[in-house]
file my_file-v4.tsv (TSV, C-alpha atoms)
chain	number	residue	atom	x	y	z
T	1	MET	CA	0.00	0.00	0.00
T	2	TYR	CA	1.37	3.40	-1.02
T	3	HIS	CA	0.11	6.93	-0.36
T	4	SER	CA	0.75	10.15	-2.24
T	5	ALA	CA	1.57	13.36	-0.46
T	6	PRO	CA	-1.53	15.40	0.38
T	7	PHE	CA	-2.70	17.50	-2.56
T	8	GLU	CA	-1.70	21.14	-2.06
T	9	GLN	CA	-4.78	22.44	-3.89
T	10	ASP	CA	-8.00	21.12	-5.39
T	11	THR	CA	-6.95	19.16	-8.49
T	12	GLU	CA	-9.01	17.59	-11.26
T	13	ILE	CA	-7.94	14.13	-12.37
T	14	SER	CA	-9.52	12.88	-15.59
T	15	GLY	CA	-8.53	9.90	-17.69
T	16	PHE	CA	-7.11	6.44	-17.15
T	17	PHE	CA	-4.49	5.53	-14.58
T	18	GLU	CA	-1.50	3.48	-15.71
T	19	LEU	CA	0.81	1.59	-13.42
T	20	SER	CA	4.23	0.16	-14.25
T	21	VAL	CA	5.54	-1.96	-11.42
T	22	TRP	CA	8.50	-4.30	-11.03
T	23	LEU	CA	7.55	-7.55	-9.32
T	24	SER	CA	9.20	-10.89	-8.74
T	25	ILE	CA	7.35	-14.10	-7.99
T	26	ASP	CA	8.64	-17.54	-7.07
T	27	GLN	CA	5.97	-19.55	-8.89
T	28	PRO	CA	5.07	-19.88	-12.59
T	29	ASP	CA	1.89	-17.79	-12.24
T	30	THR	CA	-0.31	-15.74	-9.91
T	31	ASP	CA	-3.01	-13.08	-10.11
T	32	PHE	CA	-2.69	-9.43	-9.11
T	33	ARG	CA	-5.26	-6.76	-8.34
T	34	VAL	CA	-4.38	-3.09	-8.10
T	35	SER	CA	-6.64	-0.28	-6.96
T	36	VAL	CA	-6.44	3.48	-6.60
T	37	ALA	CA	-8.52	5.27	-3.99
T	38	GLU	CA	-8.95	8.82	-2.77
T	39	ILE	CA	-8.26	9.20	0.96
T	40	GLY	CA	-9.93	12.14	2.72
T	41	VAL	CA	-8.50	14.18	5.56
T	42	ASP	CA	-10.86	12.28	7.90
T	43	GLY	CA	-9.40	8.93	6.73
T	44	GLY	CA	-12.43	7.97	4.66
T	45	SER	CA	-11.75	6.34	1.30
T	46	LEU	CA	-13.42	6.26	-2.10
T	47	GLN	CA	-12.28	3.70	-4.65
T	48	LEU	CA	-11.52	5.38	-7.99
T	49	ALA	CA	-10.34	2.59	-10.29
T	50	THR	CA	-9.02	-0.98	-10.34
T	51	ASP	CA	-7.17	-3.30	-12.68
T	52	SER	CA	-6.12	-6.93	-12.54
T	53	MET	CA	-3.65	-9.18	-14.29
T	54	ARG	CA	-2.70	-12.84	-14.47
T	55	ALA	CA	1.12	-12.99	-14.48
T	56	ARG	CA	1.31	-15.45	-17.39
T	57	TYR	CA	-0.42	-12.85	-19.59
T	58	ARG	CA	1.72	-9.87	-18.57
T	59	GLU	CA	3.23	-9.48	-22.06
T	60	ASP	CA	0.23	-10.40	-24.22
T	61	PRO	CA	-3.39	-11.00	-23.13
T	62	ARG	CA	-3.77	-13.73	-25.77
T	63	ALA	CA	-0.50	-15.63	-25.38
T	64	GLN	CA	0.47	-17.15	-22.07
T	65	LYS	CA	4.08	-17.12	-20.97
T	66	LEU	CA	4.73	-18.70	-17.59
T	67	ILE	CA	7.20	-16.99	-15.28
T	68	ARG	CA	10.49	-18.94	-15.24
T	69	THR	CA	12.62	-16.58	-13.14
T	70	THR	CA	12.63	-15.01	-9.70
T	71	GLU	CA	14.23	-11.89	-11.14
T	72	PRO	CA	12.03	-8.77	-11.17
T	73	LEU	CA	9.86	-8.33	-14.26
T	74	ARG	CA	7.89	-5.28	-15.32
T	75	TYR	CA	4.10	-5.49	-15.17
T	76	ASP	CA	2.12	-2.76	-16.94
T	77	PHE	CA	-1.43	-2.26	-15.71
T	78	ARG	CA	-3.21	-0.33	-18.47
T	79	HIS	CA	-6.84	-1.36	-18.07
T	80	PHE	CA	-8.11	0.86	-15.28
T	81	THR	CA	-11.58	2.30	-15.70
T	82	PHE	CA	-11.96	5.95	-16.72
T	83	ILE	CA	-12.28	8.47	-13.90
T	84	SER	CA	-12.97	12.18	-13.63
T	85	ARG	CA	-12.82	13.59	-10.14
T	86	GLN	CA	-11.75	16.67	-8.30
T	87	ILE	CA	-9.34	15.67	-5.55
T	88	ARG	CA	-9.70	18.12	-2.67
T	89	LYS	CA	-6.85	19.93	-1.02
T	90	GLY	CA	-5.38	17.77	1.76
T	91	HIS	CA	-6.68	14.52	0.26
T	92	ARG	CA	-4.29	11.81	-0.94
T	93	LEU	CA	-4.26	8.93	-3.39
T	94	ARG	CA	-3.77	5.37	-2.14
T	95	LEU	CA	-2.37	2.63	-4.38
T	96	VAL	CA	-2.93	-0.96	-3.24
T	97	ILE	CA	-1.22	-3.89	-4.97
T	98	GLY	CA	-2.30	-7.30	-3.83
T	99	PRO	CA	-3.49	-10.79	-4.70
T	100	LEU	CA	-6.68	-11.33	-6.65
T	101	ASN	CA	-8.78	-13.77	-4.67
T	102	SER	CA	-12.46	-13.24	-5.33
T	103	LEU	CA	-15.70	-15.14	-5.88
T	104	PHE	CA	-15.95	-13.28	-9.16
T	105	TRP	CA	-12.60	-14.39	-10.58
T	106	GLN	CA	-11.37	-17.84	-11.54
T	107	LYS	CA	-9.14	-19.21	-8.76
T	108	ASN	CA	-5.47	-19.40	-9.76
T	109	TYR	CA	-3.48	-21.91	-7.70
T	110	ASN	CA	-0.15	-20.50	-8.98
T	111	SER	CA	1.15	-23.80	-10.39
T	112	GLY	CA	1.18	-22.73	-14.04
T	113	GLY	CA	-1.25	-25.47	-15.03
T	114	VAL	CA	-4.59	-25.05	-16.79
T	115	VAL	CA	-6.39	-22.82	-14.30
T	116	ALA	CA	-9.84	-24.15	-15.25
T	117	VAL	CA	-8.97	-27.69	-14.11
T	118	GLU	CA	-6.68	-26.98	-11.14
T	119	SER	CA	-7.75	-27.75	-7.59
T	120	MET	CA	-6.36	-27.34	-4.08
T	121	ARG	CA	-3.98	-30.26	-4.60
T	122	ASP	CA	-2.23	-28.14	-7.29
T	123	ALA	CA	-1.98	-25.11	-5.00
T	124	ARG	CA	1.38	-23.47	-4.38
T	125	PRO	CA	2.04	-20.53	-2.06
T	126	VAL	CA	3.62	-17.61	-3.91
T	127	THR	CA	6.02	-15.00	-2.59
T	128	VAL	CA	5.74	-11.63	-4.31
T	129	ARG	CA	8.34	-8.88	-4.02
T	130	LEU	CA	7.83	-5.33	-5.29
T	131	PHE	CA	10.88	-3.34	-6.41
T	132	HIS	CA	11.14	0.42	-6.47
T	133	ASP	CA	14.66	1.73	-7.00
T	134	GLU	CA	16.78	3.36	-9.72
T	135	THR	CA	17.01	0.14	-11.71
T	136	HIS	CA	13.32	-0.74	-11.24
T	137	PRO	CA	11.33	2.53	-11.27
T	138	SER	CA	7.77	1.48	-10.42
T	139	ALA	CA	5.34	4.38	-10.99
T	140	LEU	CA	1.65	5.23	-11.14
call {"tool": "encode", "arguments": {"input": "my_file-v4.tsv", "output": "structure tokens"}}
result
Amino acid sequence: MYHSAPFEQDTEISGFFELSVWLSIDQPDTDFRVSVAEIGVDGGSLQLATDSMRARYREDPRAQKLIRTTEPLRYDFRHFTFISRQIRKGHRLRLVIGPLNSLFWQKNYNSGGVVAVESMRDARPVTVRLFHDETHPSAL
């Protein structure tokens, strides 16, 4: 979870968010969900947009490529929904990057097998590391 600095003045944000993030995983596949929210001065939050990605489709949504390294790879989230909102002075943006585990999404057990036929006996725990340094400049 990451927070921006408080906005110094009321600011309109219109368009689509994009996120480039450097991640490493220790399994052939996993699912990610990212969300951006507005955080008020009172701590209240309003979700603005979300995106999700299955790691094996990080380069091409139609061609799977399992992850065969624990080195950091770049993941580009470019499918956020459109927003248009005035962010008030003192409010912040919150970026959350996490696993996608939902009733509304096909369960991925991280093994790299055919997700539609996998079960708990195929399940593998995955360790995810996020990089943000000069060599791996993750940015929203």
call {"tool": "closest_residue", "arguments": {"input": "my_file-v4.tsv", "among": "T:Phe131, T:Phe7, T:Tyr57, T:Phe82", "to": "Phe32 in chain T", "atoms": "all atoms listed in the file"}}
result
T:Tyr57
call {"tool": "closest_residue", "arguments": {"input": "my_file-v4.tsv", "among": "T:Tyr2, T:Tyr75, T:Phe104, T:Phe17", "to": "Leu140 in chain T", "atoms": "only C-alpha atoms"}}
result
T:Phe17
call {"tool": "closest_residue", "arguments": {"input": "my_file-v4.tsv", "among": "T:Glu59, T:Asp10, T:Asp133, T:Asp26", "to": "Arg78 in chain T", "atoms": "only C-alpha atoms"}}
result
T:Glu59
call {"tool": "closest_residue", "arguments": {"input": "my_file-v4.tsv", "among": "T:Asp42, T:Asn110, T:Thr11, T:Leu103", "to": "Ala55 in chain T", "atoms": "only C-alpha atoms"}}
result
T:Asn110
call {"tool": "atom_distance", "arguments": {"input": "my_file-v4.tsv", "atom1": "CA of Val96 in chain T", "atom2": "CA of Phe16 in chain T"}}
result
16.3 Å
call {"tool": "atom_distance", "arguments": {"input": "my_file-v4.tsv", "atom1": "CA of Ile97 in chain T", "atom2": "CA of Ala123 in chain T"}}
result
21.2 Å
call {"tool": "atom_distance", "arguments": {"input": "my_file-v4.tsv", "atom1": "CA of Ile39 in chain T", "atom2": "CA of Glu12 in chain T"}}
result
14.8 Å
call {"tool": "closest_residue", "arguments": {"input": "my_file-v4.tsv", "among": "T:Asp51, T:Asp60, T:Glu134, T:Asp122", "to": "Asp31 in chain T", "atoms": "all atoms listed in the file"}}
result
T:Asp51
call {"tool": "residues_around", "arguments": {"input": "my_file-v4.tsv", "residues": "range 113-117 of chain T", "least_positions_apart": "4", "cutoff": "12 Å", "atoms": "only C-alpha atoms", "output": "ChimeraX atom specification"}}
result
/T:27-31,54,56,64-67,105-109,121-124
call {"tool": "residues_near_point", "arguments": {"input": "my_file-v4.tsv", "point": "(-8.3, 3.4, -11.4)", "cutoff": "9 Å", "atoms": "all atoms listed in the file", "output": "PyMOL selection string"}}
result
chain T and resi 16-18+34-37+47-51+79-83
call {"tool": "write_last_selection", "arguments": {"input": "my_file-v4.tsv", "atoms": "C-alpha atoms", "output": "PDB file, in the coordinates of the input"}}
result
ATOM      1  CA  PHE T  16      -7.110   6.440 -17.150  1.00  0.00           C
ATOM      2  CA  PHE T  17      -4.490   5.530 -14.580  1.00  0.00           C
ATOM      3  CA  GLU T  18      -1.500   3.480 -15.710  1.00  0.00           C
ATOM      4  CA  VAL T  34      -4.380  -3.090  -8.100  1.00  0.00           C
ATOM      5  CA  SER T  35      -6.640  -0.280  -6.960  1.00  0.00           C
ATOM      6  CA  VAL T  36      -6.440   3.480  -6.600  1.00  0.00           C
ATOM      7  CA  ALA T  37      -8.520   5.270  -3.990  1.00  0.00           C
ATOM      8  CA  GLN T  47     -12.280   3.700  -4.650  1.00  0.00           C
ATOM      9  CA  LEU T  48     -11.520   5.380  -7.990  1.00  0.00           C
ATOM     10  CA  ALA T  49     -10.340   2.590 -10.290  1.00  0.00           C
ATOM     11  CA  THR T  50      -9.020  -0.980 -10.340  1.00  0.00           C
ATOM     12  CA  ASP T  51      -7.170  -3.300 -12.680  1.00  0.00           C
ATOM     13  CA  HIS T  79      -6.840  -1.360 -18.070  1.00  0.00           C
ATOM     14  CA  PHE T  80      -8.110   0.860 -15.280  1.00  0.00           C
ATOM     15  CA  THR T  81     -11.580   2.300 -15.700  1.00  0.00           C
ATOM     16  CA  PHE T  82     -11.960   5.950 -16.720  1.00  0.00           C
ATOM     17  CA  ILE T  83     -12.280   8.470 -13.900  1.00  0.00           C
TER      18      ILE T  83
END
call {"tool": "closest_residue", "arguments": {"input": "my_file-v4.tsv", "among": "T:Met1, T:Ile13, T:Met120, T:Ile25", "to": "Gln86 in chain T", "atoms": "all atoms listed in the file"}}
result
T:Ile13
call {"tool": "residues_near_point", "arguments": {"input": "my_file-v4.tsv", "point": "(4.0, -4.0, -15.1)", "cutoff": "8 Å", "atoms": "all atoms listed in the file", "output": "list in words"}}
result
Leu19, Ser20, Val21, Trp22, Leu23, Arg58, Leu73, Arg74, Tyr75, Asp76 and Phe77 of chain T
call {"tool": "decode", "arguments": {"input": "my_file-v4.tsv", "residues": "range 69-85 of chain T", "atoms": "N, CA and C atoms", "output": "compact mmCIF listing (two decimals), in the first residue's frame"}}
result
# COMPACT_ATOMS: atom_id res chain seq x y z
N THR T 69 11.51 -17.23 -13.84
CA THR T 69 12.62 -16.58 -13.14
C THR T 69 12.10 -15.96 -11.85
N THR T 70 12.99 -15.77 -10.89
CA THR T 70 12.63 -15.01 -9.70
C THR T 70 13.18 -13.59 -9.77
N GLU T 71 13.76 -13.25 -10.92
CA GLU T 71 14.23 -11.89 -11.14
C GLU T 71 13.03 -10.96 -11.32
N PRO T 72 13.15 -9.69 -10.99
CA PRO T 72 12.03 -8.77 -11.17
C PRO T 72 11.68 -8.59 -12.64
N LEU T 73 10.39 -8.57 -12.92
CA LEU T 73 9.86 -8.33 -14.26
C LEU T 73 8.89 -7.16 -14.19
N ARG T 74 8.79 -6.43 -15.29
CA ARG T 74 7.89 -5.28 -15.32
C ARG T 74 6.47 -5.71 -15.70
N TYR T 75 5.52 -5.25 -14.93
CA TYR T 75 4.10 -5.49 -15.17
C TYR T 75 3.45 -4.14 -15.43
N ASP T 76 2.78 -4.01 -16.57
CA ASP T 76 2.12 -2.76 -16.94
C ASP T 76 0.62 -2.94 -16.85
N PHE T 77 0.02 -2.24 -15.89
CA PHE T 77 -1.43 -2.26 -15.71
C PHE T 77 -2.01 -1.08 -16.48
N ARG T 78 -2.71 -1.38 -17.56
CA ARG T 78 -3.21 -0.33 -18.47
C ARG T 78 -4.71 -0.45 -18.71
N HIS T 79 -5.42 -1.13 -17.84
CA HIS T 79 -6.84 -1.36 -18.07
C HIS T 79 -7.71 -0.87 -16.92
N PHE T 80 -7.29 0.23 -16.30
CA PHE T 80 -8.11 0.86 -15.28
C PHE T 80 -9.34 1.48 -15.94
N THR T 81 -10.40 1.62 -15.19
CA THR T 81 -11.58 2.30 -15.70
C THR T 81 -11.33 3.81 -15.73
N PHE T 82 -12.07 4.50 -16.59
CA PHE T 82 -11.96 5.95 -16.72
C PHE T 82 -12.48 6.61 -15.45
N ILE T 83 -11.78 7.67 -15.02
CA ILE T 83 -12.28 8.47 -13.90
C ILE T 83 -12.22 9.94 -14.25
N SER T 84 -13.05 10.73 -13.59
CA SER T 84 -12.97 12.18 -13.63
C SER T 84 -13.43 12.66 -12.27
N ARG T 85 -12.51 13.22 -11.53
CA ARG T 85 -12.82 13.59 -10.14
C ARG T 85 -11.95 14.75 -9.72
